[in-house]
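Here is the file upload-v2.csv (CSV, C-alpha atoms).
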```
chain,number,residue,atom,x,y,z
A,1,MET,CA,0.0,0.0,0.0
A,2,ASP,CA,1.5,3.4,-1.0
A,3,LYS,CA,1.8,6.4,1.2
A,4,ASN,CA,-1.0,8.3,-0.6
A,5,ASN,CA,-3.5,5.4,0.2
A,6,VAL,CA,-2.4,5.3,3.8
A,7,GLY,CA,-2.8,9.0,4.1
A,8,THR,CA,-6.3,8.8,2.6
A,9,ILE,CA,-7.3,6.0,5.0
A,10,ASN,CA,-6.0,8.0,8.0
A,11,ARG,CA,-7.9,11.1,7.0
A,12,SER,CA,-11.0,9.0,6.5
A,13,GLU,CA,-10.6,7.5,10.0
A,14,ARG,CA,-10.1,10.9,11.6
A,15,LYS,CA,-13.1,12.2,9.9
A,16,MET,CA,-15.2,9.2,11.0
A,17,ASN,CA,-14.0,9.6,14.6
A,18,THR,CA,-14.9,13.3,14.5
A,19,LYS,CA,-18.3,12.6,13.3
A,20,THR,CA,-18.8,9.8,15.9
A,21,PHE,CA,-17.8,12.1,18.7
A,22,ALA,CA,-20.0,14.9,17.4
A,23,ALA,CA,-23.0,12.5,17.1
A,24,MET,CA,-22.3,11.2,20.7
A,25,GLY,CA,-22.2,14.8,21.9
A,26,MET,CA,-25.5,15.6,20.3
A,27,LEU,CA,-27.1,12.5,21.8
A,28,CYS,CA,-25.7,13.4,25.2
A,29,ALA,CA,-27.4,16.8,25.0
A,30,ILE,CA,-30.7,15.2,23.8
A,31,ALA,CA,-30.5,12.6,26.5
A,32,PHE,CA,-30.1,15.3,29.2
A,33,VAL,CA,-33.1,17.1,27.8
A,34,ALA,CA,-35.0,13.9,27.9
A,35,LYS,CA,-34.1,13.6,31.6
A,36,LEU,CA,-35.4,17.0,32.3
A,37,ILE,CA,-38.7,16.1,30.5
A,38,SER,CA,-38.9,13.0,32.7
A,39,SER,CA,-39.6,15.3,35.7
A,40,VAL,CA,-43.2,15.6,34.7
A,41,PHE,CA,-43.7,11.9,35.5
A,42,PRO,CA,-45.1,11.2,39.0
A,43,MET,CA,-42.8,9.6,41.5
A,44,VAL,CA,-43.3,6.0,42.6
A,45,SER,CA,-43.1,5.2,46.4
A,46,GLY,CA,-41.7,8.7,47.0
A,47,PHE,CA,-38.2,8.1,45.4
A,48,LEU,CA,-38.4,6.1,42.2
A,49,SER,CA,-38.7,8.2,39.0
A,50,PHE,CA,-39.3,7.3,35.4
A,51,ASP,CA,-36.4,8.3,33.2
A,52,LEU,CA,-36.5,8.9,29.4
A,53,LYS,CA,-32.8,9.4,28.8
A,54,ASP,CA,-32.4,5.7,28.2
A,55,VAL,CA,-34.5,6.1,25.0
A,56,ILE,CA,-31.7,8.2,23.5
A,57,ILE,CA,-28.9,6.1,24.9
A,58,VAL,CA,-30.2,2.9,23.5
A,59,ILE,CA,-30.7,4.6,20.1
A,60,GLY,CA,-27.1,5.7,20.3
A,61,GLY,CA,-26.2,2.1,21.0
A,62,PHE,CA,-28.1,0.9,18.0
A,63,MET,CA,-26.4,3.4,15.8
A,64,MET,CA,-22.8,3.2,17.1
A,65,GLY,CA,-22.5,0.1,19.3
A,66,PRO,CA,-22.4,-0.7,23.0
A,67,ILE,CA,-19.2,1.2,23.9
A,68,PRO,CA,-20.6,4.6,22.7
A,69,ALA,CA,-23.8,3.7,24.6
A,70,LEU,CA,-21.7,3.2,27.7
A,71,ILE,CA,-19.9,6.5,27.3
A,72,ILE,CA,-23.1,8.4,26.7
A,73,SER,CA,-24.6,6.7,29.9
A,74,VAL,CA,-21.6,7.8,32.0
A,75,VAL,CA,-21.4,11.3,30.6
A,76,VAL,CA,-25.2,12.1,30.9
A,77,SER,CA,-25.4,10.5,34.4
A,78,PHE,CA,-22.4,12.6,35.6
A,79,ILE,CA,-23.9,15.8,34.2
A,80,GLU,CA,-27.1,14.9,35.9
A,81,MET,CA,-25.3,14.4,39.2
A,82,ILE,CA,-23.6,17.7,39.2
A,83,THR,CA,-26.6,19.8,38.0
A,84,ILE,CA,-30.1,18.6,38.9
A,85,SER,CA,-29.7,15.4,41.0
A,86,SER,CA,-29.9,15.3,44.8
A,87,THR,CA,-28.8,11.7,45.1
A,88,GLY,CA,-25.1,12.3,44.6
A,89,PRO,CA,-22.6,9.5,43.8
A,90,ILE,CA,-25.2,6.8,44.7
A,91,GLY,CA,-27.6,8.2,42.2
A,92,PHE,CA,-24.9,8.4,39.6
A,93,ILE,CA,-24.0,4.7,40.1
A,94,MET,CA,-27.6,3.6,40.0
A,95,ASN,CA,-28.2,5.7,36.8
A,96,VAL,CA,-25.2,4.2,35.1
A,97,LEU,CA,-26.1,0.7,36.1
A,98,ALA,CA,-29.7,1.1,34.8
A,99,SER,CA,-28.8,2.8,31.5
A,100,CYS,CA,-25.9,0.4,30.7
A,101,SER,CA,-27.7,-2.8,31.6
A,102,PHE,CA,-30.5,-1.7,29.3
A,103,ALA,CA,-28.8,0.1,26.4
A,104,CYS,CA,-25.6,-1.8,26.1
A,105,VAL,CA,-27.2,-5.3,26.2
A,106,ALA,CA,-29.7,-4.2,23.6
A,107,ALA,CA,-27.0,-2.7,21.4
A,108,VAL,CA,-24.9,-5.9,21.6
A,109,ILE,CA,-27.8,-8.1,20.5
A,110,TYR,CA,-28.8,-5.7,17.7
A,111,HIS,CA,-25.3,-5.4,16.3
A,112,ARG,CA,-25.2,-9.2,16.0
A,113,ASN,CA,-28.5,-9.2,14.1
A,114,ARG,CA,-29.1,-5.8,12.4
A,115,LYS,CA,-32.7,-6.5,11.6
A,116,MET,CA,-36.0,-5.5,13.2
A,117,SER,CA,-36.1,-8.9,14.9
A,118,GLY,CA,-32.7,-8.1,16.4
A,119,ALA,CA,-33.8,-4.7,17.6
A,120,ILE,CA,-36.9,-6.2,19.2
A,121,MET,CA,-35.0,-9.0,20.9
A,122,GLY,CA,-32.3,-6.6,22.0
A,123,LEU,CA,-34.8,-4.3,23.6
A,124,ILE,CA,-36.8,-7.1,25.3
A,125,THR,CA,-33.5,-8.6,26.7
A,126,GLY,CA,-32.3,-5.2,27.8
A,127,VAL,CA,-35.5,-4.5,29.7
A,128,LEU,CA,-35.2,-7.9,31.5
A,129,VAL,CA,-31.5,-7.6,32.3
A,130,MET,CA,-32.0,-4.0,33.5
A,131,THR,CA,-34.9,-5.2,35.8
A,132,GLY,CA,-32.8,-7.9,37.3
A,133,VAL,CA,-29.8,-5.7,37.8
A,134,MET,CA,-31.8,-2.9,39.4
A,135,ILE,CA,-33.6,-5.4,41.8
A,136,LEU,CA,-30.2,-6.6,43.0
A,137,TRP,CA,-28.7,-3.2,43.4
A,138,ASN,CA,-31.7,-1.7,45.0
A,139,TRP,CA,-31.6,-4.5,47.5
A,140,LEU,CA,-28.0,-3.8,48.2
A,141,ILE,CA,-28.0,0.0,48.2
A,142,THR,CA,-31.5,1.3,49.0
A,143,PRO,CA,-31.2,0.3,52.7
A,144,LEU,CA,-28.1,2.5,53.0
A,145,TYR,CA,-29.5,5.3,51.0
A,146,MET,CA,-33.0,5.4,52.6
A,147,ASN,CA,-31.7,4.4,56.1
A,148,VAL,CA,-34.2,1.6,56.4
A,149,PRO,CA,-33.8,-2.1,57.4
A,150,ARG,CA,-33.0,-4.5,54.5
A,151,ASN,CA,-36.0,-6.6,55.2
A,152,VAL,CA,-38.2,-3.6,54.4
A,153,VAL,CA,-36.6,-3.2,51.0
A,154,ALA,CA,-36.8,-6.9,50.4
A,155,GLY,CA,-40.5,-6.7,50.9
A,156,MET,CA,-40.6,-4.0,48.1
A,157,LEU,CA,-38.7,-6.0,45.5
A,158,ALA,CA,-41.7,-7.8,44.0
A,159,THR,CA,-44.4,-5.2,44.7
A,160,VAL,CA,-42.5,-2.0,43.8
A,161,PHE,CA,-39.0,-2.5,42.2
A,162,LEU,CA,-40.0,-5.3,39.8
A,163,PRO,CA,-43.1,-3.7,38.3
A,164,PHE,CA,-41.5,-0.2,38.3
A,165,ASN,CA,-38.5,-1.3,36.3
A,166,LEU,CA,-40.5,-3.5,33.9
A,167,ILE,CA,-42.8,-0.6,33.2
A,168,LYS,CA,-40.0,2.0,32.9
A,169,GLY,CA,-38.1,-0.4,30.5
A,170,GLY,CA,-41.3,-1.0,28.5
A,171,ILE,CA,-41.9,2.7,28.0
A,172,ASN,CA,-38.3,3.3,27.0
A,173,ALA,CA,-38.2,0.4,24.7
A,174,THR,CA,-41.4,1.3,22.8
A,175,LEU,CA,-40.3,5.0,22.6
A,176,ALA,CA,-36.9,3.8,21.2
A,177,MET,CA,-38.8,1.9,18.5
A,178,LEU,CA,-40.8,5.0,17.6
A,179,LEU,CA,-38.0,7.6,17.7
A,180,TYR,CA,-35.1,5.5,16.2
A,181,LYS,CA,-35.7,6.4,12.6
A,182,PRO,CA,-36.5,10.1,13.1
A,183,ILE,CA,-33.4,10.6,15.2
A,184,VAL,CA,-31.2,8.6,12.8
A,185,ASN,CA,-32.5,10.5,9.8
A,186,SER,CA,-31.9,13.8,11.5
A,187,LEU,CA,-28.3,12.9,12.3
A,188,ARG,CA,-27.8,11.6,8.8
A,189,LYS,CA,-29.0,14.9,7.3
A,190,ALA,CA,-26.6,16.7,9.6
A,191,HIS,CA,-23.9,14.4,8.2
A,192,LEU,CA,-23.0,13.1,11.6
A,193,ILE,CA,-23.5,9.5,10.7
A,194,GLU,CA,-22.9,7.5,7.6
A,195,GLU,CA,-25.7,6.0,5.4
A,196,SER,CA,-24.6,2.5,6.3
A,197,ALA,CA,-24.5,3.1,10.1
A,198,SER,CA,-28.2,3.0,10.7
A,199,GLY,CA,-30.4,1.4,8.1
A,200,LYS,CA,-32.8,3.1,5.8
A,201,GLY,CA,-36.4,4.0,5.4
A,202,THR,CA,-39.1,4.8,7.9
A,203,THR,CA,-40.8,2.9,10.7
A,204,LYS,CA,-43.2,0.3,9.3
A,205,LYS,CA,-46.9,0.9,10.0
A,206,GLY,CA,-47.3,-2.4,11.8
A,207,VAL,CA,-44.4,-1.7,14.1
A,208,LEU,CA,-45.7,1.9,14.6
A,209,ILE,CA,-49.2,0.7,15.6
A,210,VAL,CA,-47.9,-2.0,18.0
A,211,SER,CA,-45.4,0.4,19.6
A,212,LEU,CA,-48.1,3.0,20.2
A,213,VAL,CA,-50.4,0.5,21.8
A,214,LEU,CA,-47.7,-0.9,24.0
A,215,LEU,CA,-46.6,2.6,24.9
A,216,ALA,CA,-50.1,3.6,25.9
A,217,THR,CA,-50.4,0.4,28.0
A,218,PHE,CA,-47.1,0.9,29.8
A,219,VAL,CA,-47.9,4.6,30.5
A,220,LEU,CA,-51.3,3.6,32.0
A,221,MET,CA,-49.6,0.9,34.1
A,222,GLY,CA,-47.0,3.5,35.3
A,223,LEU,CA,-49.8,6.0,36.2
A,224,ALA,CA,-51.5,3.2,38.1
A,225,LEU,CA,-48.3,2.2,39.9
A,226,SER,CA,-47.8,5.9,40.8
A,227,GLY,CA,-51.3,6.1,42.3
A,228,VAL,CA,-52.5,8.7,39.7
A,229,ILE,CA,-55.3,6.5,38.3
```

As structure tokens, how would this structure be written, given the file I've shared?
Amino acid sequence: MDKNNVGTINRSERKMNTKTFAAMGMLCAIAFVAKLISSVFPMVSGFLSFDLKDVIIVIGGFMMGPIPALIISVVVSFIEMITISSTGPIGFIMNVLASCSFACVAAVIYHRNRKMSGAIMGLITGVLVMTGVMILWNWLITPLYMNVPRNVVAGMLATVFLPFNLIKGGINATLAMLLYKPIVNSLRKAHLIEESASGKGTTKKGVLIVSLVLLATFVLMGLALSGVI
């Protein structure tokens, strides 16, 4: 390979890295805005809150892979900790665990099968893994954070933490299905991602209808769990 070709490849790689970082930065900003929007959701059991930033993080994972999803998770959770959060380092750790266990798992599965079936399987698996991870870590950390006996938290695992995380994951998964194409198309028009990085076309009508029905179902379940309805 001659020097001209090597130089061309190096310039192409630098250009790609610049685009990737720019896209990640934009997704971090959108994810933080999504977190701010999440404040309109009612709290569950006085301290659990629904969080929409994982929608953007998992979309980033689908576009760029699990490592960028991990980086976005850490960056957004850190910004949240130093700006609007009152839970400090514990909240930061829990946010990173929740976002990564959902988005990174979903991204790994999708990148092994870059089809609709892979995306759906990734999201479902991500929701289940995130639920299991958060049940474990809430059992470990919540007694320290809330200053309550561990047996009190253990009694909440099946009645509060399990349904809360399944509903939160369901809302985020269905929103990711609905918003994936619009966000990808916007980033493509801004020349921040390549054509081959994200698939083509628009969301199919069948997927759109099913996602909307599921989203409405999960939202109603969340309102019921919060005691609103």

Pairwise distance, CA of Met134 (chain A) with CA of Val108 (chain A), equals 19.3 Å

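Residue nearest Leu208 (chain A), chosen from A:Ile57, A:Leu225, A:Leu192, A:Leu179 and counting all atoms listed in the file: A:Leu179.
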
The residue from A:Val219, A:Val213, A:Glu194, A:Lys35 with the smallest atom-to-atom distance to Lys19 (chain A), counting only C-alpha atoms, is A:Glu194

Point (-32.1, -9.0, 19.3) neighbourhood (9 Å, only C-alpha atoms) written as JSON, numbers by chain | {"A": [106, 107, 108, 109, 110, 111, 112, 113, 114, 115, 116, 117, 118, 119, 120, 121, 122, 123, 124, 125]}

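In this model, the gap between CA of Asn17 (chain A) and CA of Asp54 (chain A) comes to 23.2 Å.
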
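For Ser226 (chain A), the set of protein, DNA and RNA residues having any atom at most 8 Å away, when counting only C-alpha atoms and skipping those fewer than 3 positions along the same chain, is Pro42, Met43, Val44, Ser45, Gly222, Leu223 and Ile229 of chain A.
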
With distances taken over only C-alpha atoms, the candidate from A:Ser73, A:Asn151, A:Ser49, A:Ser86 nearest Ala29 (chain A) is A:Ser73

Distance cut-off 12 Å, centre (-36.3, 5.2, 42.3) in file coordinates, counting all atoms listed in the file: which residues qualify? Return them as a compact mmCIF listing (two decimals) with C-alpha atoms, in the frame of the given file.
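Written out: part02.txt:
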```
# COMPACT_ATOMS: atom_id res chain seq x y z
CA PRO A 42 -45.10 11.20 39.00
CA MET A 43 -42.80 9.60 41.50
CA VAL A 44 -43.30 6.00 42.60
CA SER A 45 -43.10 5.20 46.40
CA GLY A 46 -41.70 8.70 47.00
CA PHE A 47 -38.20 8.10 45.40
CA LEU A 48 -38.40 6.10 42.20
CA SER A 49 -38.70 8.20 39.00
CA PHE A 50 -39.30 7.30 35.40
CA ASP A 51 -36.40 8.30 33.20
CA THR A 87 -28.80 11.70 45.10
CA ILE A 90 -25.20 6.80 44.70
CA GLY A 91 -27.60 8.20 42.20
CA MET A 94 -27.60 3.60 40.00
CA ASN A 95 -28.20 5.70 36.80
CA ALA A 98 -29.70 1.10 34.80
CA MET A 134 -31.80 -2.90 39.40
CA ILE A 135 -33.60 -5.40 41.80
CA TRP A 137 -28.70 -3.20 43.40
CA ASN A 138 -31.70 -1.70 45.00
CA TRP A 139 -31.60 -4.50 47.50
CA ILE A 141 -28.00 0.00 48.20
CA THR A 142 -31.50 1.30 49.00
CA TYR A 145 -29.50 5.30 51.00
CA MET A 146 -33.00 5.40 52.60
CA MET A 156 -40.60 -4.00 48.10
CA LEU A 157 -38.70 -6.00 45.50
CA VAL A 160 -42.50 -2.00 43.80
CA PHE A 161 -39.00 -2.50 42.20
CA LEU A 162 -40.00 -5.30 39.80
CA PRO A 163 -43.10 -3.70 38.30
CA PHE A 164 -41.50 -0.20 38.30
CA ASN A 165 -38.50 -1.30 36.30
CA LYS A 168 -40.00 2.00 32.90
CA SER A 226 -47.80 5.90 40.80
```

May I have a table of the residues of region 57-162 of chain A lying at most 12 Å from region 23-28 of chain A, giving each one's closest pair of atoms and their distance in Å to one decimal, counting all atoms listed in the file, ordered by chain and ascending residue number, as a Markdown table?
```
| residue | atom | partner | partner_atom | distance |
| --- | --- | --- | --- | --- |
| A:Ile57 | CA | A:Leu27 | CA | 7.3 |
| A:Val58 | CA | A:Leu27 | CA | 10.2 |
| A:Ile59 | CA | A:Leu27 | CA | 8.8 |
| A:Gly60 | CA | A:Leu27 | CA | 7.0 |
| A:Gly61 | CA | A:Met24 | CA | 9.9 |
| A:Met63 | CA | A:Ala23 | CA | 9.8 |
| A:Met64 | CA | A:Met24 | CA | 8.8 |
| A:Gly65 | CA | A:Met24 | CA | 11.2 |
| A:Ile67 | CA | A:Met24 | CA | 10.9 |
| A:Pro68 | CA | A:Met24 | CA | 7.1 |
| A:Ala69 | CA | A:Met24 | CA | 8.6 |
| A:Leu70 | CA | A:Met24 | CA | 10.6 |
| A:Ile71 | CA | A:Met24 | CA | 8.5 |
| A:Ile72 | CA | A:Cys28 | CA | 5.8 |
| A:Ser73 | CA | A:Cys28 | CA | 8.3 |
| A:Val74 | CA | A:Cys28 | CA | 9.7 |
| A:Val75 | CA | A:Cys28 | CA | 7.2 |
| A:Val76 | CA | A:Cys28 | CA | 5.9 |
| A:Ser77 | CA | A:Cys28 | CA | 9.7 |
| A:Phe78 | CA | A:Cys28 | CA | 10.9 |
| A:Ile79 | CA | A:Cys28 | CA | 9.5 |
| A:Glu80 | CA | A:Cys28 | CA | 10.9 |
```

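Across the structure, CA of Ile84 (chain A) and CA of Ile30 (chain A) are spaced 15.5 Å apart.
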
* Mind checking which residues fall within 12 Å of Val210 (chain A), counting all atoms listed in the file, ignoring those fewer than 4 positions away in the same chain, and posting them as an NGL selection string? => :A and (120 or 174-175 or 177-178 or 203-206 or 214-217)

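Shortest separation to Ser99 (chain A) among A:Leu128, A:Lys53, A:Pro149, A:Thr83 occurs at residue A:Lys53, atoms counted being all atoms listed in the file.
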
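Shell of Phe102 (chain A) at 7 Å, with all atoms listed in the file counted and residues fewer than 2 places along the chain excluded, is Ala98, Ser99, Cys100, Cys104, Val105, Ala106, Gly126, Val127, Val129 and Met130 of chain A.
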
Item to complete: With a distance cut-off of 10 Å and all atoms listed in the file, select the neighbouring residues of Ile82 (chain A), excluding the residue or stretch itself and same-chain residues fewer than 6 positions from it, and output the selection as a ChimeraX atom specification.
Response: /A:88-89,92
